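Have a look at protein17.tsv; it's TSV, C-alpha atoms:
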chain	number	residue	atom	x	y	z
Y	124	MET	CA	-1.89	-9.65	-23.81
Y	125	ASP	CA	0.43	-6.81	-22.86
Y	126	SER	CA	0.46	-4.03	-20.28
Y	127	ARG	CA	-0.76	-1.52	-22.90
Y	128	GLN	CA	-3.95	-3.53	-23.42
Y	129	LEU	CA	-4.44	-4.09	-19.69
Y	130	ASN	CA	-4.00	-0.41	-18.86
Y	131	ALA	CA	-6.47	0.52	-21.59
Y	132	PHE	CA	-8.99	-1.98	-20.24
Y	133	ILE	CA	-8.57	-0.76	-16.65
Y	134	ALA	CA	-9.05	2.87	-17.68
Y	135	VAL	CA	-12.27	2.17	-19.61
Y	136	PHE	CA	-13.58	-0.12	-16.84
Y	137	GLU	CA	-13.02	2.54	-14.17
Y	138	GLU	CA	-14.14	5.55	-16.20
Y	139	ARG	CA	-17.08	3.81	-17.92
Y	140	ASN	CA	-16.43	6.26	-20.75
Y	141	ILE	CA	-14.14	5.96	-23.79
Y	142	THR	CA	-13.53	9.71	-24.04
Y	143	ALA	CA	-12.57	10.07	-20.36
Y	144	ALA	CA	-10.38	6.96	-20.51
Y	145	ALA	CA	-8.60	8.23	-23.64
Y	146	GLN	CA	-7.89	11.57	-21.94
Y	147	ARG	CA	-6.58	9.75	-18.87
Y	148	LEU	CA	-4.17	7.71	-21.00
Y	149	HIS	CA	-3.29	10.58	-23.35
Y	150	LEU	CA	-4.54	8.59	-26.35
Y	151	SER	CA	-6.94	9.31	-29.19
Y	152	GLN	CA	-10.36	7.68	-28.96
Y	153	PRO	CA	-9.84	5.56	-32.11
Y	154	ALA	CA	-6.50	4.28	-30.77
Y	155	LEU	CA	-8.07	3.33	-27.43
Y	156	SER	CA	-11.07	1.68	-29.10
Y	157	GLY	CA	-8.71	-0.31	-31.32
Y	158	THR	CA	-6.71	-1.51	-28.31
Y	159	ILE	CA	-9.88	-2.66	-26.55
Y	160	LYS	CA	-11.09	-4.49	-29.68
Y	161	SER	CA	-7.73	-6.28	-30.02
Y	162	LEU	CA	-7.97	-7.39	-26.39
Y	163	GLU	CA	-11.53	-8.63	-26.87
Y	164	SER	CA	-10.41	-10.54	-29.95
Y	165	LEU	CA	-7.55	-12.11	-28.03
Y	166	LEU	CA	-9.83	-13.17	-25.17
Y	167	GLY	CA	-12.75	-14.18	-27.36
Y	168	ALA	CA	-15.12	-12.22	-25.15
Y	169	GLN	CA	-16.90	-8.87	-25.24
Y	170	LEU	CA	-15.80	-6.60	-22.41
Y	171	PHE	CA	-17.88	-3.46	-22.93
Y	172	GLU	CA	-21.23	-2.51	-24.43
Y	173	ARG	CA	-21.64	1.00	-25.85
Y	174	GLN	CA	-24.52	3.07	-24.50
Y	175	ALA	CA	-25.87	6.53	-25.24
Y	176	ARG	CA	-23.57	7.89	-22.58
Y	177	GLY	CA	-20.45	5.89	-21.92
Y	178	VAL	CA	-20.19	2.12	-21.79
Y	179	SER	CA	-21.42	-0.67	-19.53
Y	180	VAL	CA	-19.25	-3.57	-18.42
Y	181	THR	CA	-19.97	-7.22	-19.13
Y	182	ASP	CA	-19.60	-10.18	-16.77
Y	183	ALA	CA	-16.35	-11.05	-18.54
Y	184	ALA	CA	-14.99	-7.57	-17.77
Y	185	ARG	CA	-15.89	-7.93	-14.09
Y	186	ILE	CA	-13.93	-11.19	-13.96
Y	187	LEU	CA	-10.95	-9.71	-15.79
Y	188	TYR	CA	-10.71	-6.45	-13.81
Y	189	PRO	CA	-9.14	-7.70	-10.51
Y	190	GLN	CA	-6.76	-9.96	-12.45
Y	191	ALA	CA	-5.72	-7.08	-14.72
Y	192	ARG	CA	-5.07	-4.81	-11.74
Y	193	ARG	CA	-2.93	-7.51	-10.13
Y	194	LEU	CA	-0.92	-8.18	-13.32
Y	195	VAL	CA	-0.23	-4.47	-13.85
Y	196	ALA	CA	0.86	-4.05	-10.23
Y	197	GLN	CA	3.18	-7.05	-10.49
Y	198	THR	CA	4.69	-5.73	-13.72
Y	199	GLU	CA	5.34	-2.35	-12.12
Y	200	SER	CA	6.90	-4.06	-9.09
Y	201	MET	CA	9.26	-6.11	-11.22
Y	202	THR	CA	10.23	-3.06	-13.27
Y	203	ARG	CA	11.00	-1.16	-10.10
Y	204	GLN	CA	12.92	-4.07	-8.60
Y	205	PHE	CA	15.29	-4.50	-11.54
Y	206	ARG	CA	15.68	-0.90	-12.65
Y	207	GLN	CA	19.31	0.05	-12.21
Y	208	ASP	CA	18.55	3.58	-11.10
Y	209	ALA	CA	15.76	2.55	-8.76
Y	210	ARG	CA	14.53	5.30	-6.53
Y	211	VAL	CA	13.55	4.93	-2.89
Y	212	ALA	CA	10.42	2.79	-2.42
Y	213	GLU	CA	8.21	4.32	0.27
Y	214	LEU	CA	5.77	2.24	2.28
Y	215	ARG	CA	3.50	3.36	5.13
Y	216	ILE	CA	2.57	0.65	7.63
Y	217	GLY	CA	0.11	1.15	10.48
Y	218	ILE	CA	0.87	-0.74	13.71
Y	219	GLU	CA	-2.11	-1.74	15.82
Y	220	GLY	CA	-1.81	-1.19	19.56
Y	221	GLU	CA	-1.35	-4.76	20.77
Y	222	ILE	CA	1.39	-5.98	18.44
Y	223	ALA	CA	4.52	-7.06	20.31
Y	224	GLY	CA	7.80	-5.30	19.75
Y	225	ALA	CA	9.43	-8.58	18.69
Y	226	HIS	CA	6.92	-8.94	15.86
Y	227	ILE	CA	7.41	-5.32	14.77
Y	228	ARG	CA	11.17	-5.77	14.61
Y	229	ALA	CA	10.87	-9.06	12.73
Y	230	PHE	CA	8.45	-7.49	10.23
Y	231	VAL	CA	10.79	-4.56	9.59
Y	232	ALA	CA	13.68	-6.96	8.94
Y	233	ARG	CA	11.58	-9.01	6.49
Y	234	ALA	CA	10.28	-5.92	4.70
Y	235	ARG	CA	13.75	-4.44	4.20
Y	236	GLN	CA	14.97	-7.75	2.80
Y	237	ALA	CA	11.99	-8.13	0.47
Y	238	VAL	CA	11.85	-4.62	-1.01
Y	239	PRO	CA	15.06	-2.99	-2.33
Y	240	ASN	CA	15.67	0.64	-1.35
Y	241	LEU	CA	12.74	0.58	1.07
Y	242	GLN	CA	11.94	3.67	3.09
Y	243	LEU	CA	9.54	2.42	5.74
Y	244	HIS	CA	7.19	4.71	7.67
Y	245	LEU	CA	5.64	3.15	10.80
Y	246	LEU	CA	2.40	4.77	11.96
Y	247	GLU	CA	0.13	4.29	14.95
Y	248	GLY	CA	-3.20	2.52	14.47
Y	249	CYS	CA	-5.48	1.89	11.49
Y	250	THR	CA	-3.75	3.86	8.75
Y	251	GLY	CA	-1.15	3.54	5.98
Y	252	ASP	CA	-0.84	1.39	2.86
Y	253	ALA	CA	-1.23	-1.71	5.06
Y	254	ARG	CA	-1.40	-2.59	8.75
Y	255	LEU	CA	0.44	-5.00	11.02
Y	256	ALA	CA	-2.45	-6.38	13.04
Y	257	THR	CA	-4.20	-9.48	14.29
Y	258	GLU	CA	-6.70	-11.33	12.12
Y	259	ASP	CA	-9.47	-10.23	14.52
Y	260	GLU	CA	-8.71	-6.61	13.55
Y	261	ARG	CA	-9.06	-7.22	9.80
Y	262	CYS	CA	-11.77	-5.07	8.20
Y	263	GLU	CA	-14.46	-6.83	6.18
Y	264	ASP	CA	-13.06	-5.80	2.78
Y	265	GLU	CA	-9.37	-6.36	3.63
Y	266	LEU	CA	-7.04	-9.20	2.71
Y	267	PHE	CA	-4.99	-10.83	5.48
Y	268	LEU	CA	-1.52	-12.29	5.07
Y	269	PRO	CA	-0.65	-14.34	8.20
Y	270	LEU	CA	2.95	-14.08	9.41
Y	271	TRP	CA	2.93	-15.56	12.93
Y	272	ASN	CA	0.82	-17.82	15.09
Y	273	ASP	CA	0.89	-16.36	18.61
Y	274	PRO	CA	-0.23	-18.78	21.38
Y	275	TYR	CA	-1.79	-17.45	24.56
Y	276	ALA	CA	-0.18	-17.97	27.98
Y	277	ILE	CA	-0.86	-17.13	31.61
Y	278	ALA	CA	1.01	-14.10	32.97
Y	279	SER	CA	1.32	-14.31	36.77
Y	280	PRO	CA	2.99	-11.82	39.12
Y	281	ALA	CA	6.63	-12.75	39.53
Y	282	ASP	CA	6.25	-13.23	43.31
Y	283	ALA	CA	3.00	-15.25	43.15
Y	284	PRO	CA	3.15	-18.88	44.41
Y	285	ALA	CA	3.27	-21.22	41.42
Y	286	ASP	CA	0.62	-23.59	42.83
Y	287	ALA	CA	-1.84	-20.97	44.06
Y	288	MET	CA	-5.22	-20.43	42.42
Y	289	PRO	CA	-4.84	-17.11	40.56
Y	290	ASP	CA	-7.01	-14.05	40.97
Y	291	TRP	CA	-7.94	-13.29	37.39
Y	292	ILE	CA	-7.64	-10.00	35.55
Y	293	VAL	CA	-10.12	-10.06	32.68
Y	294	CYS	CA	-10.70	-8.04	29.48
Y	295	PRO	CA	-14.47	-8.26	28.84
Y	296	ASP	CA	-14.30	-6.23	25.60
Y	297	HIS	CA	-11.52	-8.26	23.99
Y	298	PRO	CA	-12.44	-10.90	21.34
Y	299	SER	CA	-10.71	-13.63	23.38
Y	300	HIS	CA	-12.85	-13.08	26.48
Y	301	GLN	CA	-15.77	-15.33	25.54
Y	302	ARG	CA	-13.43	-18.19	24.64
Y	303	LEU	CA	-11.71	-17.87	28.02
Y	304	LEU	CA	-14.84	-17.98	30.18
Y	305	PRO	CA	-14.83	-21.81	30.48
Y	306	TYR	CA	-11.20	-21.62	31.63
Y	307	TYR	CA	-11.92	-18.97	34.28
Y	308	GLY	CA	-14.93	-20.87	35.58
Y	309	ALA	CA	-16.81	-19.27	38.46
Y	310	ALA	CA	-13.85	-16.98	39.13
Y	311	ALA	CA	-14.90	-14.90	36.10
Y	312	ASN	CA	-17.78	-13.52	38.20
Y	313	THR	CA	-15.43	-12.02	40.80
Y	314	PRO	CA	-12.26	-10.94	38.95
Y	315	ALA	CA	-9.39	-9.20	40.70
Y	316	ALA	CA	-9.61	-6.41	38.12
Y	317	GLN	CA	-10.82	-5.57	34.63
Y	318	ALA	CA	-8.79	-3.97	31.85
Y	319	ALA	CA	-9.73	-2.37	28.55
Y	320	SER	CA	-6.86	-4.04	26.68
Y	321	LEU	CA	-4.41	-6.90	26.97
Y	322	ARG	CA	-1.55	-4.46	27.47
Y	323	LEU	CA	-3.30	-2.89	30.47
Y	324	ALA	CA	-4.15	-6.33	31.86
Y	325	LEU	CA	-0.46	-7.21	31.71
Y	326	GLU	CA	0.45	-3.98	33.51
Y	327	LEU	CA	-1.97	-4.94	36.28
Y	328	ALA	CA	-0.40	-8.41	36.46
Y	329	GLY	CA	3.08	-6.87	36.60
Y	330	ALA	CA	1.91	-4.70	39.50
Y	331	GLY	CA	0.91	-7.83	41.43
Y	332	VAL	CA	-2.89	-7.42	41.18
Y	333	GLY	CA	-3.51	-10.87	39.73
Y	334	ALA	CA	-2.93	-13.10	36.71
Y	335	CYS	CA	-4.15	-12.58	33.16
Y	336	ILE	CA	-4.20	-14.55	29.93
Y	337	ALA	CA	-2.56	-12.88	26.94
Y	338	PRO	CA	-0.58	-13.72	23.78
Y	339	ARG	CA	2.87	-15.07	24.61
Y	340	SER	CA	4.56	-12.36	22.52
Y	341	LEU	CA	3.09	-9.69	24.82
Y	342	VAL	CA	3.74	-11.66	28.01
Y	343	ASP	CA	7.42	-12.08	27.14
Y	344	GLN	CA	7.97	-8.32	26.92
Y	345	GLN	CA	6.12	-7.46	30.15
Y	346	GLY	CA	8.17	-6.83	33.26
Y	347	GLY	CA	7.18	-8.23	36.66
Y	348	VAL	CA	5.44	-11.37	35.37
Y	349	VAL	CA	6.30	-14.99	34.68
Y	350	ALA	CA	4.75	-16.98	31.84
Y	351	ARG	CA	2.99	-20.30	32.32
Y	352	ALA	CA	1.46	-22.60	29.72
Y	353	LEU	CA	-2.28	-22.40	29.19
Y	354	ASP	CA	-2.94	-26.09	29.90
Y	355	GLY	CA	-6.13	-27.63	28.60
Y	356	LEU	CA	-7.05	-24.82	26.22
Y	357	ALA	CA	-5.53	-24.34	22.77
Y	358	LEU	CA	-5.91	-20.62	22.18
Y	359	SER	CA	-3.84	-18.51	19.81
Y	360	ARG	CA	-4.09	-15.51	17.51
Y	361	ARG	CA	-2.68	-14.87	14.05
Y	362	VAL	CA	-0.58	-11.77	13.46
Y	363	GLY	CA	0.01	-10.53	9.94
Y	364	LEU	CA	-0.50	-7.89	7.29
Y	365	CYS	CA	-3.94	-6.40	6.58
Y	366	TYR	CA	-4.50	-4.46	3.36
Y	367	ALA	CA	-7.18	-3.60	0.82
Y	368	ALA	CA	-6.95	-5.22	-2.61
Y	369	GLN	CA	-6.55	-1.83	-4.31
Y	370	ALA	CA	-3.56	-1.08	-2.08
Y	371	LEU	CA	-1.60	-3.56	-4.20
Y	372	ASP	CA	-1.42	-0.78	-6.79
Y	373	THR	CA	1.42	0.51	-4.60
Y	374	PRO	CA	4.44	-1.30	-6.14
Y	375	ALA	CA	6.34	-1.62	-2.85
Y	376	LEU	CA	3.35	-3.24	-1.12
Y	377	ALA	CA	2.68	-5.57	-4.06
Y	378	LEU	CA	6.30	-6.73	-3.97
Y	379	LEU	CA	6.29	-7.09	-0.18
Y	380	ALA	CA	3.07	-9.14	-0.17
Y	381	GLU	CA	4.39	-11.35	-2.97
Y	382	GLN	CA	7.74	-11.99	-1.23
Y	383	LEU	CA	6.16	-12.65	2.18
Y	384	GLY	CA	3.59	-14.97	0.61
Y	385	ASN	CA	6.33	-16.90	-1.21
Y	386	ALA	CA	8.29	-17.29	2.04
Y	387	ILE	CA	5.21	-18.71	3.81
Y	388	ARG	CA	4.55	-21.22	1.02
Y	389	ALA	CA	8.21	-22.30	0.79

Represent the structure contained in this file as structure tokens.
Amino acid sequence: MDSRQLNAFIAVFEERNITAAAQRLHLSQPALSGTIKSLESLLGAQLFERQARGVSVTDAARILYPQARRLVAQTESMTRQFRQDARVAELRIGIEGEIAGAHIRAFVARARQAVPNLQLHLLEGCTGDARLATEDERCEDELFLPLWNDPYAIASPADAPADAMPDWIVCPDHPSHQRLLPYYGAAANTPAAQAASLRLALELAGAGVGACIAPRSLVDQQGGVVARALDGLALSRRVGLCYAAQALDTPALALLAEQLGNAIRA
């Protein structure tokens, strides 16, 4: 099958109407119908059933649709990658609030290496073609491409005695809080302070209020604290790229996801 057949199939699947799909592709209805019939013949399966108004899709079409979208996106990405007069590839990436600067810089370096002529726009929060976020922040319908495993560590005030029992700063609303309760023990009932985020907890620790438990990437960039291993509890988070499946229609994102995925599997 070729891209002409796949694009014809995608248009009819999305429009549910031969006339509307033909107008979208700037084709005549007979030409579009012929392309669909040739694809059905090649696959040995019926993809659409004509109705009084429009068409309905078969189970075979529902299986083919996500694969067709992916193949078309990959073809467009390769064309863009090897075109001699390639234009700038724009990509908008949202950065969630608790991603460490070291991970942002490493991501930018990887993205620029993976996508030729990349013009990268970094945005705050849940927006853009994709997001650099933790797996806990992935929306239900999003894909997640893990890039780093980020272990948790204890951040203690720099002037705190190393052998002293810490006064804990806790983040009750953070996803890690419930997993940390056994580690805090009874001290969780009388914390030194509470914070709405890990970043704020680290600021409190840096100010000498007490100790907190946070991802090592965030601890390492916080002033006024020293990092200690979280003995007896294996706790980490995964940091990576979150994106909706349809966002892969953006050639730059499709190429980036493919290159990053290949690097992980290598």

Can you pull out the residues contacting stretch 269-283 of chain Y? Cut-off 10 Å, using only C-alpha atoms, and skip same-chain residues under 6 positions away; I want them as a VMD selection string. chain Y and resid 226 229 to 230 255 to 258 289 to 292 299 324 to 343 345 to 354 356 to 365 383 to 384 386 to 387

When you draw a straight line from atom CA of Y:Arg173 to atom CA of Y:Ser151, how long is it in Å?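 Calculated distance between atom CA of Y:Arg173 and atom CA of Y:Ser151 is 17.2 Å.
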
Considering all atoms listed in the file, state which residue in the set Y:Tyr188, Y:Tyr366, Y:Tyr306, Y:Phe171 is at the smallest distance from Y:Glu265.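 Closest candidate: Y:Tyr366.
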
Residue among Y:Ile141, Y:Gln152, Y:Leu268, Y:Gly220 lying closest to Y:Gln382, counting only C-alpha atoms: Y:Leu268

Coordinates of box centre and edge lengths for stretch 218-225 of chain Y, 8 Å on every side, axis-aligned, as lines of an AutoDock Vina configuration file:
center_x = 3.7
center_y = -4.7
center_z = 17.2
size_x = 27.5
size_y = 23.8
size_z = 23.1

Selected residue of minimal separation from Y:Ala175 among Y:Thr373, Y:Gln317, Y:Asn130, Y:Asn140, counting only C-alpha atoms: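 Closest to Y:Ala175 of all the choices is Y:Asn140.
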
Two-atom distance - atom CA of Y:Asp296, atom CA of Y:Asp264 (Å):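 Those two atoms sit 22.9 Å apart.
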
Interatomic distance (Å, one decimal) between atom CA of Y:Ala237 and atom CA of Y:Arg192: 21.2 Å

Taking (6.7, -6.1, -6.3) in the file's coordinates as the center, which residues reach within 6 Å of it, counting all atoms listed in the file, put as a compact mmCIF listing (two decimals) with C-alpha atoms, in the coordinates of the input?
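What landed in out_26.txt:
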# COMPACT_ATOMS: atom_id res chain seq x y z
CA GLN Y 197 3.18 -7.05 -10.49
CA SER Y 200 6.90 -4.06 -9.09
CA MET Y 201 9.26 -6.11 -11.22
CA PRO Y 374 4.44 -1.30 -6.14
CA ALA Y 375 6.34 -1.62 -2.85
CA ALA Y 377 2.68 -5.57 -4.06
CA LEU Y 378 6.30 -6.73 -3.97

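Comparing the minimum interatomic distances between Y:Leu170 and each of Y:Ile186, Y:Ala367, Y:Leu379, Y:Ala223, counting all atoms listed in the file, we find that Y:Ile186 sits nearest.
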
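Nearest-residue note for Y:Leu323: choosing from Y:Leu304, Y:Leu376, Y:Ala287, Y:Cys294, the minimum distance belongs to Y:Cys294, counting all atoms listed in the file.
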
Counting only C-alpha atoms, which of Y:Asp259, Y:Asp286, Y:Glu172, Y:Glu163 gets nearest to Y:Leu187?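 The closest residue to Y:Leu187 is Y:Glu163.
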